[in-house]
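Report on the following structure.
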Amino acid sequence: MSPDRVTLYSNAQRQFDLAADALDLDPRMRAILRVPQRELIVNFPVQKDDKSIEVFTGYRVQHNITRGPAKGGIRFHPRVTLDDVRALSMIMTWKCATVNIPYGGAKGAVIVDPRALSIHELERLTRRYTSEISVLIGPDRDIPAPDVGTDAQVMAWVMDTISMHRGHTVPAVVTGKPLEIGGSHGRDQATARGLLYVVREAAEALSLSLAGARVAIQGFGKVGATVARLLDDMGATVVAVSDSSGGIYNPRGLDVGAVFGYKAHHGRLAGYREAEPISHSDLLELPVEVLVPASLSTQISGINAARIRARIIGEAANAPITPEADEVLFGNGVFVIPDILAGAGGVTVSYFEWVQGLQEFFWTEREVNAQLERVMVGAFRSVLRAAQERRVTMRTAAYLQAVERVAQATRIRGIYP
Ligand code: GLU
């Protein structure tokens, strides 16, 4: 994670404070929503293939469950902290409220580099972690999903472990599952597709044509790579992409199909011939129309914000821009589509997957994508309207709506006991 990741939680709280100020939120409501409701820390042993034992630390944090069950991914990352998980759980509450799906926010994590484990070790780690957090999760309580370092296979193990505990199959306990065991069509591309819909709306609002627009994407994982493919299909010119091995840049446009082929063959982007190498940070400062940060948090801060030349930034990652950077970007007329809106496609289709599982009635990919488009475009337009009316950033407008929805639900339910 980035060097200043320690600030992720304080940034999330600061972002909340800004919205609370603008809403003139009652101090008691502020105190409730500013911190997570439940935090579970687990330390658990995993047997390695050589029979040695390693003790791992994991977390599951539920920020808020007022509007529905807690929802949010599980992250496997070597440098994740409890504060990161707190921040990410809070972001999930606002994300679900922004697209108005009936969930609260949660996040889980294990401090581990999943690439350093064998597949068997990864399965044992996932099953034991699931067992440890099983006191919190369930289809009507808290529903995990994939996040950085986890995937559909990991979700299958989570689902199987809970099902073994309960003595019957519980598909709706996780989303982002493989199709064979109750996953949803379109879930694997959902975050990228959701981002595409809102970038398209933003371009339209700015009277900018996406055909031929230059695009730079930081991160070439599940989300970043799919964004590259979808934008390329739409006629945009993807000029730069990057992964953990570094970035590649071709001002005339990358052959996205060839980049996919290279990455599949070599497992990395570095060394791709038809482009020049570029660092992660330099990629952010390229002369492009659309910039998509799709890796980790805190990539654009007060230090580099003034050097950003993009017209539109679509935040596919969670919290890639700090509040200081937001101000600079707003002042420079950069149109930022915030994470709680731009990155909400994944959890939206997670919601569809959960609904399909509970009803045991499954939709076609076309139906899923059409519903996703409806939700994303509706949320974008309502946030844009609020931003224009109040003359605030898209992030502030999205936060205002989200925080107000959660606050209102809290008021109506009242304080127990
Ligand atoms: N991990 C994704 C996110 O941060 C998806 C969460 C979900 O589908 O529950 O939005």
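For the structure tokens, the naming scheme is as follows: chains receive sequential letters (A, B, ...) according to their order of presentation, residues are indexed from 1 within each chain, and ligands are indexed from 1 in presentation order.
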
*DSSP helix (DSSP H, G or I) residues within region 274-312 of chain A, as a VMD selection string*: chain A and resid 280 to 284 305 to 307

_With only C-alpha atoms as the counted atoms, please give the residues lying no more than 8 Å from region 250-258 of chain A, apart from itself and same-chain residues fewer than 4 positions off, as a PyMOL selection string._
chain A and resi 214+228-229+232+237-240+262+274-276

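Residues in contact with ligand 1 (atom pairs separated by at most 7 Å; only C-alpha atoms and all ligand atoms) are Lys71, Gly72, Gly73, Ile74, Met92, Ile143, Pro144, Ala145, Pro146, Asp147, Thr175, Gly176, Asn318, Gly343, Ala344, Gly346, Val347, Thr348 and Ser350 of chain A.
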
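Here the question is which of A:Lys51, A:Lys177, A:Arg34, A:Arg67 gets nearest to Ile412 (chain A) using only C-alpha atoms, and that residue is A:Arg67.
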
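Residues with any atom within 10 Å of Ile248 (chain A), counting only C-alpha atoms and excluding same-chain neighbours fewer than 5 positions away, are Ala216, Val239, Ala240, Val241, Ser242, Asp243, Leu254, Val259, Leu269, Ala270, Gly271, Tyr272, Arg273, Glu274, Ala275, Glu276, Pro277, Ile278, Ser279, His280 and Leu283 of chain A.
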
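Proximity ranking of A:Val173, A:Leu231, A:Val199, A:Ala70 relative to Ile101 (chain A) places A:Ala70 first, based on only C-alpha atoms.
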
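Counting only C-alpha atoms and comparing A:Gly357, A:Asp21, A:Ala294, A:Leu284, the residue that lies closest to Thr191 (chain A) is A:Ala294.
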
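Taking CA of Gln153 (chain A) and CA of Ser52 (chain A) as endpoints, the distance between them is 24.5 Å.
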
Any idea what's packed within 8 Å of Leu210 (chain A), counting only C-alpha atoms, ignoring anything in its chain fewer than 4 positions away? Could you give it as a CSV table (one decimal) with all heavy atoms, in the first residue's frame?
```csv
chain,number,residue,atom,x,y,z
A,200,ARG,N,-19.1,7.5,-19.0
A,200,ARG,CA,-19.8,7.9,-20.2
A,200,ARG,C,-20.8,9.1,-19.9
A,200,ARG,O,-20.9,10.0,-20.6
A,200,ARG,CB,-20.6,6.7,-20.7
A,200,ARG,CG,-21.3,6.8,-22.0
A,200,ARG,CD,-22.3,5.7,-22.2
A,200,ARG,NE,-23.4,5.8,-21.3
A,200,ARG,CZ,-24.3,4.8,-21.0
A,200,ARG,NH1,-24.1,3.6,-21.6
A,200,ARG,NH2,-25.3,5.0,-20.2
A,203,ALA,N,-18.7,12.2,-19.4
A,203,ALA,CA,-18.2,12.7,-20.7
A,203,ALA,C,-19.3,13.5,-21.3
A,203,ALA,O,-19.1,14.6,-21.9
A,203,ALA,CB,-17.7,11.6,-21.5
A,234,MET,N,-15.3,0.8,-26.8
A,234,MET,CA,-16.1,1.9,-27.0
A,234,MET,C,-15.5,2.9,-28.0
A,234,MET,O,-16.0,4.0,-28.3
A,234,MET,CB,-16.4,2.6,-25.7
A,234,MET,CG,-17.6,2.0,-25.0
A,234,MET,SD,-17.9,3.0,-23.5
A,234,MET,CE,-18.6,4.5,-24.2
A,235,GLY,N,-14.2,2.7,-28.3
A,235,GLY,CA,-13.5,3.6,-29.3
A,235,GLY,C,-12.6,4.6,-28.6
A,235,GLY,O,-12.0,5.4,-29.3
A,236,ALA,N,-12.4,4.5,-27.3
A,236,ALA,CA,-11.4,5.4,-26.6
A,236,ALA,C,-10.0,4.8,-26.9
A,236,ALA,O,-9.8,3.7,-27.4
A,236,ALA,CB,-11.7,5.4,-25.1
```

_Residue neighbourhood region 156-162 of chain A, 9 Å, only C-alpha atoms, exclusion window fewer than 6 positions, as an MDAnalysis selection string_ = chainID A and resid 123 126:131 134 137:138 144 168:174 176:178 181

Could you turn the residues from that selection into a file that holds C-alpha atoms, as an mmCIF file, in the first residue's frame?
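Heads up, here's the output in selection17.cif:
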```cif
data_model
loop_
_atom_site.group_PDB
_atom_site.id
_atom_site.type_symbol
_atom_site.label_atom_id
_atom_site.label_comp_id
_atom_site.auth_asym_id
_atom_site.auth_seq_id
_atom_site.Cartn_x
_atom_site.Cartn_y
_atom_site.Cartn_z
ATOM 1 C CA GLU A 123 -7.651 -22.672 0.954
ATOM 2 C CA THR A 126 -9.526 -18.902 3.858
ATOM 3 C CA ARG A 127 -11.480 -21.663 5.584
ATOM 4 C CA ARG A 128 -9.979 -20.966 8.993
ATOM 5 C CA TYR A 129 -10.465 -17.198 8.658
ATOM 6 C CA THR A 130 -14.082 -17.829 7.597
ATOM 7 C CA SER A 131 -14.568 -20.062 10.601
ATOM 8 C CA SER A 134 -18.500 -16.962 11.201
ATOM 9 C CA ILE A 137 -21.354 -13.340 8.778
ATOM 10 C CA GLY A 138 -24.559 -14.789 7.346
ATOM 11 C CA PRO A 144 -18.627 -10.775 2.126
ATOM 12 C CA HIS A 168 -26.819 -27.126 4.568
ATOM 13 C CA THR A 169 -25.788 -25.068 1.551
ATOM 14 C CA VAL A 170 -25.923 -21.304 2.194
ATOM 15 C CA PRO A 171 -25.213 -19.647 -1.180
ATOM 16 C CA ALA A 172 -26.355 -16.155 -0.141
ATOM 17 C CA VAL A 173 -23.633 -15.837 2.541
ATOM 18 C CA VAL A 174 -21.183 -14.467 -0.050
ATOM 19 C CA GLY A 176 -18.854 -12.879 -6.257
ATOM 20 C CA LYS A 177 -19.147 -16.685 -6.245
ATOM 21 C CA PRO A 178 -18.435 -18.836 -9.315
ATOM 22 C CA ILE A 181 -22.568 -22.462 -7.327
#
```

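Take the candidates A:Thr66, A:Ser209, A:Ser281, A:Thr57 and check each one against Leu82 (chain A) using only C-alpha atoms; the shortest distance goes to A:Thr57.
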
*Taking into account only C-alpha atoms, which residue in the set A:Tyr9, A:Tyr103, A:Glu389, A:Glu39 is nearest to Pro139 (chain A)?*
A:Tyr103

Which residues of region 71-126 of chain A come within 10 Å of region 45-49 of chain A, and what is each one's closest atom pair and distance in Å (one decimal), counting only C-alpha atoms, sorted by chain and residue number, as a tab-separated table?
```
residue	atom	partner	partner_atom	distance
A:Leu117	CA	A:Lys48	CA	8.4
A:Ser118	CA	A:Asp49	CA	7.8
A:Ile119	CA	A:Asp49	CA	9.9
A:His120	CA	A:Asp49	CA	7.6
A:Glu121	CA	A:Lys48	CA	5.9
A:Leu122	CA	A:Val46	CA	9.2
A:Glu123	CA	A:Val46	CA	9.8
A:Arg124	CA	A:Val46	CA	6.5
A:Leu125	CA	A:Val46	CA	5.8
A:Thr126	CA	A:Val46	CA	9.4
```

Could you save those same residues with N, CA, C and O atoms as a PDB file, in the first residue's frame?
```
ATOM      1  N   LEU A 117       1.557 -18.012  -0.934  1.00  0.00           N
ATOM      2  CA  LEU A 117       1.002 -19.269  -0.433  1.00  0.00           C
ATOM      3  C   LEU A 117       0.713 -20.223  -1.587  1.00  0.00           C
ATOM      4  O   LEU A 117       0.416 -19.781  -2.697  1.00  0.00           O
ATOM      5  N   SER A 118       0.786 -21.525  -1.306  1.00  0.00           N
ATOM      6  CA  SER A 118       0.333 -22.504  -2.307  1.00  0.00           C
ATOM      7  C   SER A 118      -1.200 -22.450  -2.321  1.00  0.00           C
ATOM      8  O   SER A 118      -1.818 -21.920  -1.388  1.00  0.00           O
ATOM      9  N   ILE A 119      -1.799 -23.051  -3.323  1.00  0.00           N
ATOM     10  CA  ILE A 119      -3.260 -23.051  -3.420  1.00  0.00           C
ATOM     11  C   ILE A 119      -3.895 -23.761  -2.212  1.00  0.00           C
ATOM     12  O   ILE A 119      -4.921 -23.344  -1.687  1.00  0.00           O
ATOM     13  N   HIS A 120      -3.215 -24.806  -1.720  1.00  0.00           N
ATOM     14  CA  HIS A 120      -3.748 -25.545  -0.556  1.00  0.00           C
ATOM     15  C   HIS A 120      -3.656 -24.690   0.708  1.00  0.00           C
ATOM     16  O   HIS A 120      -4.554 -24.692   1.549  1.00  0.00           O
ATOM     17  N   GLU A 121      -2.538 -23.978   0.847  1.00  0.00           N
ATOM     18  CA  GLU A 121      -2.380 -23.103   2.010  1.00  0.00           C
ATOM     19  C   GLU A 121      -3.419 -21.977   1.968  1.00  0.00           C
ATOM     20  O   GLU A 121      -4.005 -21.618   2.988  1.00  0.00           O
ATOM     21  N   LEU A 122      -3.652 -21.460   0.767  1.00  0.00           N
ATOM     22  CA  LEU A 122      -4.637 -20.386   0.607  1.00  0.00           C
ATOM     23  C   LEU A 122      -6.035 -20.882   0.995  1.00  0.00           C
ATOM     24  O   LEU A 122      -6.805 -20.180   1.661  1.00  0.00           O
ATOM     25  N   GLU A 123      -6.342 -22.109   0.600  1.00  0.00           N
ATOM     26  CA  GLU A 123      -7.651 -22.672   0.954  1.00  0.00           C
ATOM     27  C   GLU A 123      -7.768 -22.854   2.469  1.00  0.00           C
ATOM     28  O   GLU A 123      -8.789 -22.475   3.067  1.00  0.00           O
ATOM     29  N   ARG A 124      -6.704 -23.398   3.094  1.00  0.00           N
ATOM     30  CA  ARG A 124      -6.776 -23.592   4.560  1.00  0.00           C
ATOM     31  C   ARG A 124      -6.896 -22.250   5.270  1.00  0.00           C
ATOM     32  O   ARG A 124      -7.658 -22.111   6.222  1.00  0.00           O
ATOM     33  N   LEU A 125      -6.141 -21.251   4.796  1.00  0.00           N
ATOM     34  CA  LEU A 125      -6.212 -19.920   5.417  1.00  0.00           C
ATOM     35  C   LEU A 125      -7.619 -19.339   5.286  1.00  0.00           C
ATOM     36  O   LEU A 125      -8.199 -18.824   6.249  1.00  0.00           O
ATOM     37  N   THR A 126      -8.192 -19.464   4.088  1.00  0.00           N
ATOM     38  CA  THR A 126      -9.526 -18.902   3.858  1.00  0.00           C
ATOM     39  C   THR A 126     -10.562 -19.588   4.738  1.00  0.00           C
ATOM     40  O   THR A 126     -11.414 -18.940   5.360  1.00  0.00           O
TER      41      THR A 126
END
```
